[in-house]
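Below is work_21.cif, which holds mmCIF, C-alpha atoms.
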data_coords
loop_
_atom_site.label_atom_id
_atom_site.label_comp_id
_atom_site.auth_asym_id
_atom_site.auth_seq_id
_atom_site.Cartn_x
_atom_site.Cartn_y
_atom_site.Cartn_z
CA MET A 579 -38.28 -9.20 16.45
CA SER A 580 -38.00 -10.88 19.89
CA MET A 581 -34.70 -11.40 21.70
CA GLU A 582 -34.94 -15.18 21.21
CA SER A 583 -35.51 -14.95 17.46
CA GLY A 584 -32.76 -12.36 17.15
CA TYR A 585 -30.36 -14.64 19.03
CA ALA A 586 -31.33 -17.62 16.83
CA LYS A 587 -30.82 -15.55 13.68
CA GLY A 588 -27.45 -14.30 14.89
CA LYS A 589 -26.39 -17.85 15.75
CA ARG A 590 -27.41 -19.03 12.29
CA ILE A 591 -25.45 -16.23 10.61
CA ALA A 592 -22.35 -17.06 12.67
CA SER A 593 -22.74 -20.78 11.91
CA ASN A 594 -23.10 -20.12 8.17
CA ALA A 595 -20.07 -17.84 8.23
CA ILE A 596 -17.93 -20.51 9.88
CA VAL A 597 -19.14 -23.18 7.45
CA LEU A 598 -18.39 -20.96 4.44
CA PHE A 599 -14.95 -20.09 5.83
CA VAL A 600 -14.06 -23.78 6.28
CA ARG A 601 -15.41 -24.48 2.79
CA MET A 602 -13.27 -21.75 1.26
CA LEU A 603 -10.18 -22.97 3.11
CA ILE A 604 -10.65 -26.56 1.92
CA LEU A 605 -11.43 -25.52 -1.65
CA THR A 606 -8.42 -23.21 -1.85
CA ILE A 607 -6.00 -25.88 -0.66
CA VAL A 608 -7.44 -28.66 -2.82
CA ASN A 609 -7.76 -26.48 -5.93
CA LEU A 610 -4.16 -25.30 -5.67
CA TYR A 611 -3.00 -28.90 -5.47
CA ALA A 612 -5.33 -30.02 -8.29
CA VAL A 613 -4.08 -27.28 -10.64
CA ARG A 614 -0.48 -28.22 -9.84
CA ILE A 615 -1.18 -31.89 -10.60
CA ALA A 616 -3.09 -31.07 -13.82
CA LEU A 617 -0.33 -28.77 -15.08
CA TYR A 618 2.37 -31.34 -14.29
CA LYS A 619 0.55 -34.30 -15.89
CA LEU A 620 -0.95 -32.51 -18.90
CA GLY A 621 2.12 -30.48 -19.72
CA GLN A 622 2.24 -26.86 -20.81
CA VAL A 623 0.67 -27.39 -24.25
CA ASP A 624 -2.33 -29.51 -23.22
CA TYR A 625 -2.95 -27.48 -20.08
CA GLY A 626 -2.83 -24.30 -22.14
CA ILE A 627 -5.30 -25.79 -24.63
CA TYR A 628 -7.66 -26.77 -21.80
CA VAL A 629 -7.50 -23.33 -20.16
CA THR A 630 -8.21 -21.70 -23.52
CA ILE A 631 -11.15 -23.96 -24.33
CA ALA A 632 -12.53 -23.55 -20.82
CA GLY A 633 -12.17 -19.80 -21.25
CA VAL A 634 -14.21 -19.87 -24.46
CA VAL A 635 -16.98 -21.95 -22.88
CA MET A 636 -16.99 -19.98 -19.62
CA MET A 637 -17.51 -16.73 -21.52
CA SER A 638 -21.22 -17.36 -21.02
CA SER A 639 -20.90 -18.04 -17.28
CA PHE A 640 -22.07 -14.50 -16.55
CA LEU A 641 -25.57 -15.79 -17.34
CA SER A 642 -25.26 -18.24 -14.44
CA SER A 643 -24.39 -15.64 -11.83
CA VAL A 644 -27.06 -13.20 -13.02
CA LEU A 645 -29.85 -15.77 -13.17
CA ALA A 646 -28.83 -17.34 -9.83
CA MET A 647 -28.95 -13.94 -8.14
CA SER A 648 -32.36 -13.17 -9.65
CA VAL A 649 -33.93 -16.52 -8.75
CA GLN A 650 -32.51 -16.36 -5.22
CA ARG A 651 -33.96 -12.86 -4.77
CA TYR A 652 -37.46 -13.94 -5.75
CA TYR A 653 -37.16 -17.09 -3.63
CA SER A 654 -36.28 -14.93 -0.62
CA ILE A 655 -39.22 -12.61 -1.20
CA ALA A 656 -41.65 -15.54 -1.41
CA LEU A 657 -40.11 -17.13 1.71
CA GLY A 658 -40.57 -13.87 3.59
CA LYS A 659 -44.23 -13.85 2.61
CA LYS A 660 -44.54 -17.59 3.40
CA ASP A 661 -45.97 -18.02 -0.08
CA ASN A 662 -45.43 -21.73 -0.84
CA GLN A 663 -47.38 -21.55 -4.08
CA GLY A 664 -45.27 -18.59 -5.16
CA LEU A 665 -42.09 -20.54 -4.39
CA GLN A 666 -43.14 -23.41 -6.63
CA LYS A 667 -44.10 -20.95 -9.35
CA ILE A 668 -40.68 -19.25 -9.17
CA PHE A 669 -38.95 -22.65 -9.28
CA SER A 670 -40.95 -23.71 -12.34
CA ILE A 671 -40.29 -20.43 -14.14
CA SER A 672 -36.57 -20.70 -13.41
CA ILE A 673 -36.57 -24.26 -14.79
CA ASN A 674 -38.16 -22.99 -18.02
CA ILE A 675 -35.62 -20.18 -18.27
CA VAL A 676 -32.54 -22.35 -17.74
CA ILE A 677 -33.74 -24.94 -20.27
CA ILE A 678 -34.46 -22.33 -22.94
CA VAL A 679 -31.17 -20.50 -22.34
CA SER A 680 -29.30 -23.85 -22.35
CA LEU A 681 -30.70 -24.66 -25.79
CA ILE A 682 -29.61 -21.24 -27.06
CA ILE A 683 -26.12 -21.78 -25.61
CA ILE A 684 -25.86 -25.18 -27.31
CA VAL A 685 -26.77 -23.67 -30.69
CA LEU A 686 -24.30 -20.78 -30.29
CA PHE A 687 -21.39 -22.93 -29.15
CA GLU A 688 -21.99 -25.62 -31.76
CA THR A 689 -21.85 -22.97 -34.50
CA ILE A 690 -20.00 -19.76 -33.62
CA GLY A 691 -18.00 -21.47 -30.89
CA LEU A 692 -16.73 -24.21 -33.18
CA TRP A 693 -15.89 -21.63 -35.85
CA PHE A 694 -13.89 -19.66 -33.30
CA LEU A 695 -12.11 -22.82 -32.16
CA HIS A 696 -11.15 -23.82 -35.72
CA HIS A 697 -10.23 -20.42 -37.14
CA LYS A 698 -9.19 -18.11 -34.30
CA LEU A 699 -7.47 -20.23 -31.67
CA ILE A 700 -3.89 -21.35 -32.27
CA ILE A 701 -3.94 -25.07 -31.52
CA PRO A 702 -1.32 -27.57 -32.79
CA SER A 703 -2.88 -29.65 -35.57
CA GLU A 704 -2.00 -32.93 -33.85
CA ARG A 705 -3.98 -31.82 -30.76
CA LEU A 706 -7.04 -30.51 -32.61
CA ILE A 707 -9.18 -33.66 -32.23
CA ALA A 708 -8.46 -33.90 -28.51
CA ALA A 709 -9.23 -30.18 -28.20
CA LEU A 710 -12.58 -30.62 -29.96
CA ILE A 711 -13.53 -33.49 -27.64
CA ALA A 712 -12.48 -31.45 -24.60
CA TYR A 713 -14.57 -28.55 -25.96
CA GLN A 714 -17.71 -30.72 -26.11
CA PHE A 715 -17.06 -32.10 -22.62
CA GLY A 716 -16.48 -28.58 -21.33
CA LEU A 717 -19.79 -27.45 -22.82
CA VAL A 718 -21.65 -30.28 -21.05
CA THR A 719 -19.87 -29.39 -17.80
CA PHE A 720 -20.97 -25.78 -18.06
CA LEU A 721 -24.56 -26.74 -18.91
CA CYS A 722 -24.68 -28.94 -15.80
CA SER A 723 -23.61 -26.01 -13.63
CA PHE A 724 -26.22 -23.84 -15.35
CA LEU A 725 -29.07 -26.32 -14.93
CA GLN A 726 -28.45 -26.60 -11.18
CA ILE A 727 -29.31 -22.91 -10.61
CA PRO A 728 -32.97 -23.42 -9.52
CA PHE A 729 -31.85 -25.94 -6.90
CA SER A 730 -28.72 -24.18 -5.61
CA ALA A 731 -30.64 -20.89 -5.41
CA ALA A 732 -33.20 -22.61 -3.19
CA ILE A 733 -30.42 -23.67 -0.79
CA PHE A 734 -29.12 -20.10 -0.62
CA ALA A 735 -32.61 -18.66 -0.14
CA HIS A 736 -33.20 -21.03 2.78
CA GLU A 737 -29.79 -19.97 4.18
CA GLU A 738 -28.62 -23.56 4.53
CA MET A 739 -24.90 -23.24 3.93
CA THR A 740 -23.88 -26.63 5.34
CA PRO A 741 -25.26 -28.73 2.46
CA TYR A 742 -23.87 -26.18 0.00
CA ALA A 743 -20.43 -26.45 1.60
CA ILE A 744 -20.58 -30.27 1.58
CA ILE A 745 -21.61 -30.40 -2.09
CA SER A 746 -18.88 -27.88 -3.01
CA THR A 747 -16.30 -29.99 -1.19
CA ILE A 748 -17.45 -33.14 -3.00
CA GLU A 749 -17.16 -31.29 -6.31
CA CYS A 750 -13.68 -30.07 -5.46
CA LEU A 751 -12.49 -33.56 -4.46
CA MET A 752 -13.93 -35.04 -7.65
CA LYS A 753 -12.02 -32.46 -9.70
CA LEU A 754 -8.87 -33.45 -7.83
CA SER A 755 -9.61 -37.09 -8.67
CA ALA A 756 -9.94 -36.12 -12.35
CA ALA A 757 -6.48 -34.55 -12.19
CA LEU A 758 -5.01 -37.59 -10.43
CA ALA A 759 -6.52 -39.89 -13.08
CA ILE A 760 -4.42 -38.29 -15.82
CA GLY A 761 -1.86 -40.76 -17.12
CA HIS A 762 -3.51 -43.78 -15.48
CA LEU A 763 -6.03 -44.55 -18.24
CA ALA A 764 -5.47 -45.78 -21.79
CA ALA A 765 -6.73 -42.57 -23.38
CA ASP A 766 -5.55 -39.10 -24.31
CA ASN A 767 -4.65 -37.15 -21.17
CA LEU A 768 -6.60 -34.04 -22.20
CA VAL A 769 -9.68 -36.16 -22.93
CA VAL A 770 -9.33 -37.99 -19.61
CA TYR A 771 -9.15 -34.73 -17.65
CA SER A 772 -12.02 -33.01 -19.45
CA SER A 773 -14.21 -36.13 -19.23
CA GLY A 774 -13.48 -36.35 -15.50
CA LEU A 775 -14.65 -32.76 -15.05
CA MET A 776 -17.75 -33.51 -17.11
CA ILE A 777 -18.61 -36.51 -14.92
CA THR A 778 -18.09 -34.26 -11.89
CA GLY A 779 -20.55 -31.72 -13.31
CA ILE A 780 -23.18 -34.38 -13.98
CA VAL A 781 -22.84 -35.92 -10.50
CA ILE A 782 -23.06 -32.53 -8.76
CA LEU A 783 -26.14 -31.62 -10.80
CA LEU A 784 -27.83 -34.88 -9.75
CA ILE A 785 -26.91 -34.24 -6.10
CA TYR A 786 -28.47 -30.77 -6.21
CA ILE A 787 -31.63 -32.15 -7.85
CA PHE A 788 -31.89 -34.98 -5.33
CA TYR A 789 -31.29 -32.69 -2.34
CA GLY A 790 -33.76 -30.09 -3.57
CA LYS A 791 -36.54 -32.58 -4.20
CA ILE A 792 -36.01 -34.28 -0.84
CA ASN A 793 -35.79 -31.15 1.33
CA TYR A 794 -37.81 -28.42 -0.39
CA SER A 795 -41.45 -28.85 -1.28
CA GLU A 796 -41.24 -26.03 -3.84
CA CYS A 797 -38.76 -27.99 -5.98
CA ARG A 798 -41.59 -29.65 -7.90
CA TYR A 799 -42.24 -28.54 -11.44
CA CYS A 800 -45.68 -27.29 -12.41
CA GLN A 801 -46.57 -25.51 -15.63
CA PRO A 802 -46.40 -21.78 -14.70
CA HIS A 803 -48.90 -19.38 -16.24
CA ASP A 804 -47.65 -16.14 -14.70
CA LYS A 805 -46.14 -14.21 -17.59
CA GLN A 806 -45.81 -11.11 -15.45
CA LEU A 807 -43.57 -12.88 -12.93
CA THR A 808 -41.47 -14.32 -15.75
CA LYS A 809 -41.00 -10.85 -17.22
CA SER A 810 -40.15 -9.49 -13.78
CA ILE A 811 -37.41 -12.09 -13.22
CA LEU A 812 -35.95 -11.48 -16.68
CA ARG A 813 -36.16 -7.71 -16.24
CA PHE A 814 -34.33 -7.87 -12.92
CA SER A 815 -31.68 -10.11 -14.51
CA SER A 816 -31.11 -7.65 -17.33
CA TRP A 817 -30.02 -4.91 -14.93
CA ALA A 818 -27.10 -7.00 -13.64
CA LEU A 819 -26.30 -8.55 -17.02
CA PHE A 820 -23.78 -6.04 -18.35
CA GLY A 821 -21.71 -5.75 -15.18
CA SER A 822 -21.46 -9.52 -14.80
CA ALA A 823 -20.64 -9.97 -18.51
CA ALA A 824 -17.84 -7.41 -18.24
CA SER A 825 -16.38 -9.16 -15.19
CA VAL A 826 -16.42 -12.62 -16.80
CA CYS A 827 -15.06 -11.37 -20.13
CA THR A 828 -12.22 -9.65 -18.28
CA SER A 829 -11.13 -12.85 -16.52
CA GLN A 830 -11.89 -15.46 -19.19
CA GLY A 831 -10.97 -13.14 -22.06
CA ASN A 832 -7.49 -12.72 -20.61
CA ALA A 833 -7.11 -16.51 -20.43
CA VAL A 834 -8.11 -16.92 -24.08
CA LEU A 835 -5.82 -14.11 -25.25
CA LEU A 836 -2.86 -15.50 -23.30
#

Here is the file; what I need is its structure written in the form of structure tokens.
Amino acid sequence: MSMESGYAKGKRIASNAIVLFVRMLILTIVNLYAVRIALYKLGQVDYGIYVTIAGVVMMSSFLSSVLAMSVQRYYSIALGKKDNQGLQKIFSISINIVIIVSLIIIVLFETIGLWFLHHKLIIPSERLIAALIAYQFGLVTFLCSFLQIPFSAAIFAHEEMTPYAIISTIECLMKLSAALAIGHLAADNLVVYSSGLMITGIVILLIYIFYGKINYSECRYCQPHDKQLTKSILRFSSWALFGSAASVCTSQGNAVLL
């Protein structure tokens, strides 16, 4: 590696580090304020219901982190080889995987999840309908974050942290807006908040799709016929599955139990 290329790479790493630090600072401040507003406007009961429902839905979020890491790894390998056809193949395979897994998640949460909500969670009877609506909105929100994996992984693989930071900031500000909207609409506060988060998820998904299609040529779907590569991605994901599942269940499981 030449001195010029090494300097450029070091400059890019430093720039990405600064961008991510600023992003984390903004998100921390805004999220702390948003949680405070949501807790104040929803009240202890509704906020507790939302945290519990979110905890149930987010139990499957370990799939997101595992799949994102796997797709990003294979993106990076193809980028290193300058294999544009391989990049498009990986993107298409990841699209197939997230759609299939999303359908499985929908089936599980519309059956076992609803049973758990009705029979295992302690929710005041007068808040059950609002809780069910919030549950459905929360499921859509999670699916949006799951479906954006092929596009967000492409951003990470290309090491372009600025657009990622900007999109994250937009998402955070929209979540704050959802909290501020509580009490200002003629609807149940819990439904207003959960619907605001769902709209945020949909908008962020569309932004990722739009950005990926505009900036990365590999973000074009083509029917993949490489079963070996599909098995390789799934096999790599399986190795990190249990550790990630344990971490998510520890955090979200505590929320549900509390």

If you count all atoms listed in the file, which residues fall within 9 Å of region 698-711 of chain A, apart from same-chain ones fewer than 6 positions away, as a ChimeraX atom specification?
-> /A:623-624,627-628,630-631,692,766-769,772-773,834

Restricting the output to C-alpha atoms, write the selected residues as a compact mmCIF listing (two decimals), keeping the file's coordinate frame.
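For reference, part_15.txt as written:
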# COMPACT_ATOMS: atom_id res chain seq x y z
CA VAL A 623 0.67 -27.39 -24.25
CA ASP A 624 -2.33 -29.51 -23.22
CA ILE A 627 -5.30 -25.79 -24.63
CA TYR A 628 -7.66 -26.77 -21.80
CA THR A 630 -8.21 -21.70 -23.52
CA ILE A 631 -11.15 -23.96 -24.33
CA LEU A 692 -16.73 -24.21 -33.18
CA ASP A 766 -5.55 -39.10 -24.31
CA ASN A 767 -4.65 -37.15 -21.17
CA LEU A 768 -6.60 -34.04 -22.20
CA VAL A 769 -9.68 -36.16 -22.93
CA SER A 772 -12.02 -33.01 -19.45
CA SER A 773 -14.21 -36.13 -19.23
CA VAL A 834 -8.11 -16.92 -24.08

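For Ile677 (chain A), the non-local neighbours within 10 Å, defined as residues at least 5 positions apart in the same chain or in other chains and counting only C-alpha atoms, are A:Ser672, A:Ile682, A:Ile683, A:Leu721, A:Phe724, A:Leu725.
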
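Here the question is which of A:Cys797, A:Leu835, A:Ile792, A:Ala632 gets nearest to Gln663 (chain A) using all atoms listed in the file, and that residue is A:Cys797.
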
Please evaluate the PyMOL selection byres ((chain A and resi 734-738) around 12) against the displayed coordinates and give the resulting residues as a VMD selection string.
-> chain A and resid 587 590 to 595 597 to 598 646 to 658 660 665 669 727 to 733 739 to 745 789 to 790 793 to 794 796

Nearest to Leu617 (chain A), chosen from A:Ala712, A:Val718, A:Val635, A:Leu758, with only C-alpha atoms counted in the distances |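 Among A:Ala712, A:Val718, A:Val635, A:Leu758, it is A:Leu758 that comes nearest to Leu617 (chain A).
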